[in-house]
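What follows is the content of start.txt (compact mmCIF, C-alpha atoms).
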```
# COMPACT_ATOMS: atom_id res chain seq x y z
CA MET A 1 13.61 11.61 7.82
CA ALA A 2 12.76 11.15 11.49
CA LEU A 3 10.46 8.27 12.28
CA ALA A 4 7.74 8.29 14.91
CA GLY A 5 8.84 5.62 17.34
CA GLU A 6 6.73 2.68 18.43
CA GLY A 7 4.57 3.45 21.45
CA ARG A 8 4.25 7.21 21.00
CA VAL A 9 2.60 9.70 18.68
CA ALA A 10 4.37 12.89 17.63
CA SER A 11 2.42 16.12 18.17
CA GLU A 12 2.41 16.53 14.39
CA SER A 13 2.65 13.06 12.91
CA ARG A 14 3.39 12.04 9.36
CA VAL A 15 0.32 11.29 7.29
CA ALA A 16 -0.29 10.25 3.67
CA LEU A 17 -3.19 9.77 1.26
CA TYR A 18 -4.14 6.52 -0.50
CA LEU A 19 -6.09 6.44 -3.74
CA GLN A 20 -7.51 3.39 -5.49
CA ASP A 21 -10.01 3.55 -8.34
CA LYS A 22 -13.13 5.12 -6.83
CA HIS A 23 -12.40 8.56 -8.25
CA PRO A 24 -11.53 9.64 -11.80
CA ILE A 25 -7.81 10.31 -12.17
CA ARG A 26 -8.37 14.04 -12.65
CA GLU A 27 -10.17 14.15 -9.29
CA GLY A 28 -7.23 12.27 -7.79
CA MET A 29 -4.93 14.98 -9.14
CA GLU A 30 -6.98 17.59 -7.28
CA TYR A 31 -6.86 15.51 -4.10
CA ALA A 32 -3.08 15.15 -4.40
CA ARG A 33 -2.75 18.94 -4.63
CA PHE A 34 -5.15 19.42 -1.72
CA ALA A 35 -3.24 16.91 0.40
CA GLU A 36 0.04 18.67 -0.39
CA GLU A 37 -1.48 21.99 0.70
CA HIS A 38 -2.56 20.40 3.99
CA GLY A 39 0.81 18.99 4.95
CA PHE A 40 0.45 15.38 3.80
CA GLU A 41 3.84 13.88 3.02
CA ALA A 42 2.82 11.42 0.30
CA VAL A 43 0.09 10.14 -1.97
CA TRP A 44 0.13 6.42 -2.75
CA GLN A 45 -1.70 4.88 -5.70
CA ALA A 46 -3.07 1.35 -5.52
CA GLU A 47 -2.64 -1.38 -8.11
CA SER A 48 -4.29 -4.41 -6.59
CA ARG A 49 -7.17 -5.56 -8.79
CA LEU A 50 -7.50 -5.37 -12.57
CA VAL A 51 -9.02 -1.91 -12.42
CA ARG A 52 -6.35 0.78 -12.47
CA GLU A 53 -2.66 0.53 -13.30
CA ALA A 54 -0.60 2.55 -10.79
CA THR A 55 2.11 4.38 -12.69
CA VAL A 56 -0.11 6.46 -15.01
CA PRO A 57 -1.95 8.18 -12.12
CA MET A 58 1.35 8.45 -10.23
CA ALA A 59 2.74 10.49 -13.12
CA ALA A 60 -0.39 12.65 -13.12
CA TYR A 61 -0.09 13.37 -9.39
CA ALA A 62 3.62 14.11 -9.69
CA ALA A 63 3.04 16.52 -12.58
CA VAL A 64 0.63 18.76 -10.65
CA THR A 65 2.47 18.87 -7.32
CA GLU A 66 5.82 20.18 -6.13
CA ARG A 67 6.66 18.66 -2.74
CA ILE A 68 4.49 15.65 -1.92
CA LYS A 69 6.00 12.21 -2.49
CA VAL A 70 4.25 9.83 -4.87
CA GLY A 71 4.31 6.09 -4.26
CA SER A 72 2.99 2.85 -5.71
CA GLY A 73 0.96 1.04 -3.10
CA VAL A 74 1.74 -1.49 -4.49
CA VAL A 75 2.75 -2.78 -7.93
CA ASN A 76 3.46 -6.51 -8.10
CA ASN A 77 6.75 -8.21 -8.91
CA TRP A 78 5.34 -10.73 -11.41
CA THR A 79 3.90 -8.86 -14.37
CA ARG A 80 6.69 -6.39 -15.18
CA ASN A 81 10.14 -7.44 -16.31
CA VAL A 82 12.68 -6.06 -13.82
CA GLY A 83 14.29 -3.96 -16.54
CA LEU A 84 10.97 -2.35 -17.40
CA LEU A 85 10.12 -1.93 -13.73
CA ALA A 86 13.37 -0.07 -13.08
CA ALA A 87 13.04 2.00 -16.25
CA THR A 88 9.47 2.97 -15.34
CA PHE A 89 10.44 4.26 -11.92
CA SER A 90 13.53 5.96 -13.32
CA THR A 91 11.18 7.75 -15.72
CA LEU A 92 8.90 8.81 -12.86
CA ASP A 93 11.95 10.09 -10.99
CA ASP A 94 12.82 12.17 -14.04
CA LEU A 95 9.38 13.79 -13.69
CA ALA A 96 9.60 14.31 -9.92
CA PRO A 97 13.21 13.88 -8.75
CA GLY A 98 13.53 12.54 -5.21
CA ARG A 99 9.76 12.25 -4.76
CA ILE A 100 9.02 8.77 -6.12
CA LEU A 101 8.54 5.72 -3.88
CA LEU A 102 8.48 2.18 -5.27
CA GLY A 103 6.13 0.00 -3.28
CA ILE A 104 6.19 -3.58 -4.55
CA GLY A 105 4.22 -6.60 -3.37
CA ALA A 106 3.77 -10.29 -4.14
CA TRP A 107 0.18 -9.97 -5.49
CA TRP A 108 -2.49 -12.46 -4.49
CA ASP A 109 -4.51 -15.44 -5.61
CA PRO A 110 -6.91 -16.25 -7.12
CA LEU A 111 -6.31 -13.11 -9.21
CA ALA A 112 -2.74 -14.02 -10.16
CA SER A 113 -3.59 -17.56 -11.23
CA LYS A 114 -6.56 -16.34 -13.26
CA VAL A 115 -4.20 -14.33 -15.49
CA GLY A 116 -1.65 -17.13 -15.77
CA ILE A 117 0.81 -16.19 -13.01
CA GLU A 118 2.16 -18.98 -10.80
CA ARG A 119 3.19 -17.33 -7.54
CA ARG A 120 5.86 -19.91 -6.78
CA ARG A 121 8.37 -19.20 -4.00
CA PRO A 122 7.25 -15.58 -3.54
CA LEU A 123 9.98 -14.75 -1.03
CA GLN A 124 12.80 -15.70 -3.39
CA ALA A 125 11.09 -13.93 -6.29
CA MET A 126 10.76 -10.75 -4.22
CA ARG A 127 14.36 -10.91 -3.00
CA GLU A 128 15.70 -11.17 -6.56
CA THR A 129 13.43 -8.41 -7.85
CA VAL A 130 14.34 -5.93 -5.12
CA GLN A 131 18.06 -6.64 -5.43
CA VAL A 132 18.20 -6.21 -9.20
CA VAL A 133 15.85 -3.22 -9.44
CA ARG A 134 17.91 -1.45 -6.78
CA GLN A 135 21.10 -2.10 -8.76
CA LEU A 136 19.54 -0.82 -11.96
CA LEU A 137 18.24 2.34 -10.26
CA ALA A 138 21.76 2.86 -8.94
CA MET A 139 22.70 3.04 -12.65
CA GLU A 140 24.80 -0.10 -12.47
CA ARG A 141 25.30 -2.46 -15.39
CA VAL A 142 23.86 -5.75 -14.17
CA THR A 143 24.38 -9.40 -14.97
CA PHE A 144 22.24 -11.59 -12.74
CA HIS A 145 20.98 -15.13 -13.14
CA GLY A 146 18.72 -16.22 -10.32
CA GLU A 147 15.72 -18.50 -10.12
CA PHE A 148 13.30 -15.85 -11.35
CA VAL A 149 15.35 -12.92 -12.63
CA HIS A 150 17.76 -13.22 -15.55
CA LEU A 151 19.74 -10.28 -16.91
CA THR A 152 22.87 -10.20 -19.03
CA ASP A 153 24.79 -6.93 -19.25
CA VAL A 154 21.74 -4.69 -18.71
CA GLU A 155 21.55 -1.07 -17.58
CA ILE A 156 19.20 1.89 -17.72
CA ASP A 157 20.99 3.20 -20.78
CA ILE A 158 20.27 6.92 -20.59
CA VAL A 159 21.98 8.63 -23.53
CA HIS A 160 20.59 12.14 -23.13
CA GLY A 161 20.06 13.27 -19.59
CA ASP A 162 21.13 12.71 -16.01
CA ARG A 163 22.91 9.39 -15.48
CA SER A 164 23.30 9.82 -11.72
CA PRO A 165 21.81 7.17 -9.40
CA LYS A 166 18.07 7.46 -8.86
CA ASP A 167 16.83 8.26 -5.35
CA VAL A 168 13.87 5.84 -5.36
CA PRO A 169 13.38 4.02 -2.03
CA ILE A 170 11.99 0.50 -2.35
CA TYR A 171 9.19 -0.52 0.00
CA VAL A 172 8.11 -4.16 0.27
CA GLY A 173 4.35 -4.51 0.58
CA ALA A 174 4.03 -7.26 3.17
CA THR A 175 1.13 -8.95 4.93
CA GLY A 176 2.41 -12.37 6.01
CA MET A 177 5.18 -12.55 8.58
CA LYS A 178 7.75 -14.24 6.32
CA MET A 179 7.42 -11.42 3.79
CA MET A 180 7.53 -8.95 6.68
CA GLU A 181 10.86 -10.44 7.79
CA LEU A 182 12.16 -10.08 4.25
CA ALA A 183 11.05 -6.44 4.19
CA GLY A 184 13.03 -5.85 7.36
CA GLU A 185 16.07 -7.47 5.78
CA ILE A 186 16.12 -5.90 2.31
CA GLY A 187 13.61 -3.04 2.10
CA ASP A 188 14.06 0.67 2.61
CA GLY A 189 10.67 0.27 4.20
CA ALA A 190 7.64 -1.95 4.51
CA VAL A 191 4.14 -0.96 3.43
CA LEU A 192 1.88 -2.55 6.04
CA ASN A 193 -1.49 -3.64 4.77
CA TYR A 194 -4.95 -2.47 5.73
CA MET A 195 -7.94 -4.44 7.00
CA VAL A 196 -5.92 -5.49 10.04
CA GLY A 197 -6.25 -4.36 13.65
CA PRO A 198 -3.56 -2.50 15.58
CA SER A 199 -2.79 -5.75 17.44
CA TYR A 200 -1.52 -7.17 14.13
CA ASN A 201 1.22 -4.55 14.20
CA ARG A 202 2.89 -6.02 17.25
CA GLN A 203 3.53 -9.26 15.40
CA ALA A 204 4.58 -7.31 12.31
CA MET A 205 7.09 -5.21 14.25
CA ALA A 206 8.67 -8.34 15.71
CA ALA A 207 9.01 -9.86 12.23
CA LEU A 208 10.49 -6.66 10.79
CA ALA A 209 12.98 -6.50 13.66
CA GLU A 210 14.00 -10.13 13.10
CA GLY A 211 14.62 -9.49 9.43
CA ALA A 212 16.50 -6.28 10.16
CA ALA A 213 18.77 -8.06 12.63
CA ARG A 214 19.75 -10.59 9.96
CA ALA A 215 21.06 -7.71 7.86
CA GLY A 216 22.74 -5.90 10.76
CA ARG A 217 20.07 -3.18 10.77
CA ASN A 218 17.70 -1.87 13.39
CA MET A 219 14.10 -0.66 13.27
CA GLU A 220 15.11 2.98 12.82
CA ASP A 221 16.51 1.95 9.42
CA ILE A 222 13.09 0.77 8.21
CA ASP A 223 10.23 3.08 7.37
CA ARG A 224 6.84 1.56 8.23
CA PRO A 225 3.95 3.36 6.52
CA GLN A 226 0.60 1.61 6.86
CA LEU A 227 -2.56 1.62 4.81
CA VAL A 228 -5.55 2.48 6.99
CA VAL A 229 -9.14 2.46 5.77
CA CYS A 230 -10.69 5.74 6.89
CA SER A 231 -14.46 6.04 6.56
CA LEU A 232 -15.14 9.48 8.01
CA ASP A 233 -18.57 11.07 8.27
CA GLU A 234 -20.52 13.06 10.85
CA ASP A 235 -23.22 10.46 10.18
CA ARG A 236 -21.61 7.58 12.07
CA ASP A 237 -23.92 4.86 10.71
CA MET A 238 -23.19 5.91 7.14
CA ALA A 239 -19.45 5.84 7.84
CA LEU A 240 -19.64 2.33 9.26
CA ASP A 241 -21.71 1.02 6.34
CA ARG A 242 -19.19 2.32 3.81
CA ALA A 243 -16.39 0.49 5.59
CA ARG A 244 -18.53 -2.61 6.02
CA GLU A 245 -18.93 -2.93 2.25
CA LEU A 246 -15.19 -2.79 1.60
CA LEU A 247 -14.39 -5.06 4.52
CA THR A 248 -16.88 -7.66 3.31
CA GLN A 249 -15.37 -7.69 -0.17
CA TYR A 250 -11.81 -8.15 1.10
CA LEU A 251 -12.66 -10.83 3.66
CA GLY A 252 -14.52 -12.78 1.01
CA GLN A 253 -11.95 -12.52 -1.78
CA GLN A 254 -8.38 -12.00 -0.56
CA PRO A 255 -6.93 -14.87 1.50
CA HIS A 256 -3.91 -12.93 2.79
CA ILE A 257 -6.23 -10.29 4.24
CA MET A 258 -8.53 -12.95 5.73
CA LYS A 259 -5.64 -14.53 7.59
CA ALA A 260 -4.17 -11.29 8.92
CA SER A 261 -7.37 -9.43 9.77
CA GLY A 262 -8.03 -10.83 13.23
CA VAL A 263 -11.71 -11.27 12.34
CA ALA A 264 -13.30 -14.46 13.71
CA PRO A 265 -12.72 -17.39 11.31
CA GLY A 266 -16.38 -18.39 11.55
CA LEU A 267 -17.47 -15.03 10.18
CA ILE A 268 -14.96 -15.23 7.34
CA GLU A 269 -16.24 -18.69 6.46
CA GLU A 270 -19.82 -17.43 6.30
CA ILE A 271 -18.81 -14.52 4.07
CA GLY A 272 -16.89 -16.91 1.83
CA LYS A 273 -20.03 -18.92 1.20
CA VAL A 274 -21.60 -15.84 -0.39
CA LEU A 275 -18.64 -14.21 -2.15
CA THR A 276 -16.23 -15.41 -4.80
CA TRP A 277 -13.91 -13.45 -7.12
CA PRO A 278 -15.07 -11.48 -8.97
CA ALA A 279 -18.21 -10.61 -7.02
CA GLY A 280 -21.04 -8.36 -8.10
CA PRO A 281 -22.74 -5.69 -6.01
CA GLU A 282 -25.67 -7.96 -5.11
CA GLU A 283 -23.38 -10.65 -3.66
CA ILE A 284 -21.41 -8.07 -1.69
CA HIS A 285 -24.54 -6.50 -0.21
CA ARG A 286 -25.92 -9.89 0.82
CA ALA A 287 -22.68 -10.73 2.60
CA MET A 288 -22.51 -7.29 4.27
CA LYS A 289 -25.45 -8.25 6.47
CA LEU A 290 -23.23 -10.81 8.18
CA VAL A 291 -20.62 -8.25 9.35
CA PRO A 292 -21.24 -6.57 12.74
CA ASP A 293 -20.13 -3.05 13.69
CA GLU A 294 -17.52 -4.51 16.03
CA ALA A 295 -15.70 -6.19 13.14
CA VAL A 296 -15.77 -2.95 11.13
CA GLN A 297 -14.29 -0.90 13.97
CA LEU A 298 -11.73 -3.58 14.80
CA ILE A 299 -9.83 -3.18 11.54
CA THR A 300 -10.77 0.24 10.11
CA ALA A 301 -10.82 3.86 11.24
CA SER A 302 -14.55 4.50 10.84
CA GLY A 303 -17.01 6.94 12.34
CA THR A 304 -16.85 10.61 13.27
CA PRO A 305 -13.64 12.62 12.75
CA ASP A 306 -12.68 12.19 16.41
CA GLU A 307 -13.26 8.43 16.23
CA CYS A 308 -11.18 8.16 13.07
CA ARG A 309 -8.27 10.13 14.52
CA ALA A 310 -8.35 8.02 17.70
CA LYS A 311 -8.21 4.78 15.72
CA VAL A 312 -5.38 6.02 13.51
CA ARG A 313 -3.43 6.90 16.67
CA GLU A 314 -3.68 3.25 17.70
CA TYR A 315 -1.87 2.16 14.53
CA VAL A 316 0.90 4.71 15.09
CA GLU A 317 1.25 3.70 18.73
CA ALA A 318 1.59 0.10 17.52
CA GLY A 319 4.54 0.92 15.26
CA ALA A 320 3.31 2.49 12.00
CA THR A 321 5.47 5.48 11.10
CA CYS A 322 3.07 7.09 8.63
CA PRO A 323 -0.62 6.21 8.28
CA ILE A 324 -1.67 6.11 4.61
CA LEU A 325 -5.34 7.02 4.78
CA TYR A 326 -7.74 5.42 2.32
CA PRO A 327 -10.83 7.68 2.19
CA LEU A 328 -14.12 5.86 1.75
CA GLY A 329 -16.41 8.85 2.19
CA ASP A 330 -17.67 10.98 -0.67
CA ASP A 331 -16.00 14.06 0.82
CA VAL A 332 -12.30 13.29 0.46
CA ARG A 333 -11.37 16.87 1.28
CA ALA A 334 -13.12 16.59 4.65
CA MET A 335 -10.94 13.62 5.55
CA ILE A 336 -7.80 15.44 4.43
CA GLU A 337 -8.78 18.48 6.49
CA ALA A 338 -9.47 16.28 9.54
CA PHE A 339 -5.83 15.12 9.43
CA SER A 340 -4.34 18.39 8.16
CA GLY A 341 -0.73 18.87 9.19
CA GLY A 342 -0.56 15.35 10.60
CA LYS A 343 -3.12 16.14 13.27
CA LEU A 344 -3.79 12.95 15.23
```
Take the structure I supplied and represent it as structure tokens, if you would.
Amino acid sequence: MALAGEGRVASESRVALYLQDKHPIREGMEYARFAEEHGFEAVWQAESRLVREATVPMAAYAAVTERIKVGSGVVNNWTRNVGLLAATFSTLDDLAPGRILLGIGAWWDPLASKVGIERRRPLQAMRETVQVVRQLLAMERVTFHGEFVHLTDVEIDIVHGDRSPKDVPIYVGATGMKMMELAGEIGDGAVLNYMVGPSYNRQAMAALAEGAARAGRNMEDIDRPQLVVCSLDEDRDMALDRARELLTQYLGQQPHIMKASGVAPGLIEEIGKVLTWPAGPEEIHRAMKLVPDEAVQLITASGTPDECRAKVREYVEAGATCPILYPLGDDVRAMIEAFSGGKL
């Protein structure tokens, strides 16, 4: 698949849809179909908080579509045994051959620690997970004893059915630059995070290139889709307020996003005094008052359709190969139509 190169935007760019937990799964199925009809190349399902597991809706989207790819954006590498992780994505590939994308990330604290996960040496843990899952999806019999992953004579032991290798690309969900380097070294692609400005991408591209060079690869070998918050509405103030609410929640609760966002540290500190995890609606709305429009527009695509398309172009020009649009507005179809056919 051709990649849009850094510093330019194709006349018809790649574009994808991102779904979290705002909409019932059956609505998400309709949106996946609608996105497919409008030329979107993929739909990615989140699994970040303890709200919605990713693979059940992924199966639902795959079952009602024919062409669009379906990805996890992202599952974590701590809570599923690697054998189960590989078997799950092999099963999804059985449902939609050649259309499944495995996006996998290192999760985040304090959520991980609150459910008993110690995120020790996340780079090594990710390296072992990606290596072994890739071997299993290649239908190899694997014995592996690392620091985190231990398998003895294990395979995806399909008895009835196709035993050929599974075409499931593995994308590393990276935010920090060390994980970004690892994605460049071992991933089929990197899923770049949202709530960052386009300027963040320049640092990310350098880290990906450094990792790629270690493995004798170049940037054309690495797909670089990027989550982009898209709050689109003809009512500009309403669009900005929707994005402000999400931005406030992430800056107050997720340290990896705080660090990468580019938002002034003083503002993040003030938000942190109001928000903890988990936070209720009243806390979030109190903290929202601290966040100016400039911060919202720095790290999201928010406003009128033209403003949203212009901001998304900035991410592509800064190295993203496929914006994965996270619709905040009530009219998801309007956002899909605004980017129909990859129109940027």
Between atom CA of A:Asn77 and atom CA of A:Pro122, what distance in Å does the model show, to one decimal?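 Going from atom CA of A:Asn77 over to atom CA of A:Pro122 covers 9.1 Å.
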Which value, in Å to one decimal, gives the distance between atom CA of A:Ile186 and atom CA of A:Tyr171?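 It comes out at 9.1 Å.
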Which is closer to A:Glu234 than all the others in A:Asp331, A:Leu182, A:Thr143, A:Lys69, using all atoms listed in the file? A:Asp331
For A:Glu314, which of A:Thr55, A:Ser261, A:Asn201, A:Asn218 is the closest residue, counting all atoms listed in the file?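 Smallest distance to A:Glu314 is found for A:Asn201.
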Within 10 Å of A:Val263, counting all atoms listed in the file, which residues qualify if same-chain residues fewer than 3 places away don't, as a PyMOL selection string? chain A and resi 195-197+251+257-260+266-268+291+294-296+298-299
Best match for closeness to A:Ile284 among A:Asp94, A:Asp153, A:Glu245, A:Glu118, counting only C-alpha atoms: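 Smallest distance to A:Ile284 is found for A:Glu245.
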Contact residues around A:Lys311 with all atoms listed in the file at 12 Å, ignoring same-chain residues under 3 positions, as number ranges by chain: A: 196-199, 228-232, 296-308, 314-318, 323, 325, 344
With distances taken over only C-alpha atoms, which residue among A:Arg202, A:Lys166, A:His38, A:Lys289 lies nearest A:Arg67?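 The shortest atom-to-atom distance to A:Arg67 comes from A:His38.
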Find, counting all atoms listed in the file, the residue in A:Ala190, A:Leu247, A:Val133, A:Ile170 that gets nearest to A:Pro292.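 Under the stated criterion, the closest residue is A:Leu247.
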To one decimal place in Å, what is the distance between atom CA of A:Val142 and atom CA of A:Glu155?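 Atom-to-atom, atom CA of A:Val142 to atom CA of A:Glu155, that is 6.2 Å.
In terms of minimum interatomic distance to A:Gly28, A:Pro327 ranks closest within A:Pro169, A:Gly189, A:Pro327, A:Gly105, counting all atoms listed in the file.
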What residues have an atom no more than 12 Å from (8.8, -4.7, -14.8) in the file's own frame, counting all atoms listed in the file, and can you write them as a PyMOL selection string? chain A and resi 55+75-90+102+104+129-130+132-133+136+149
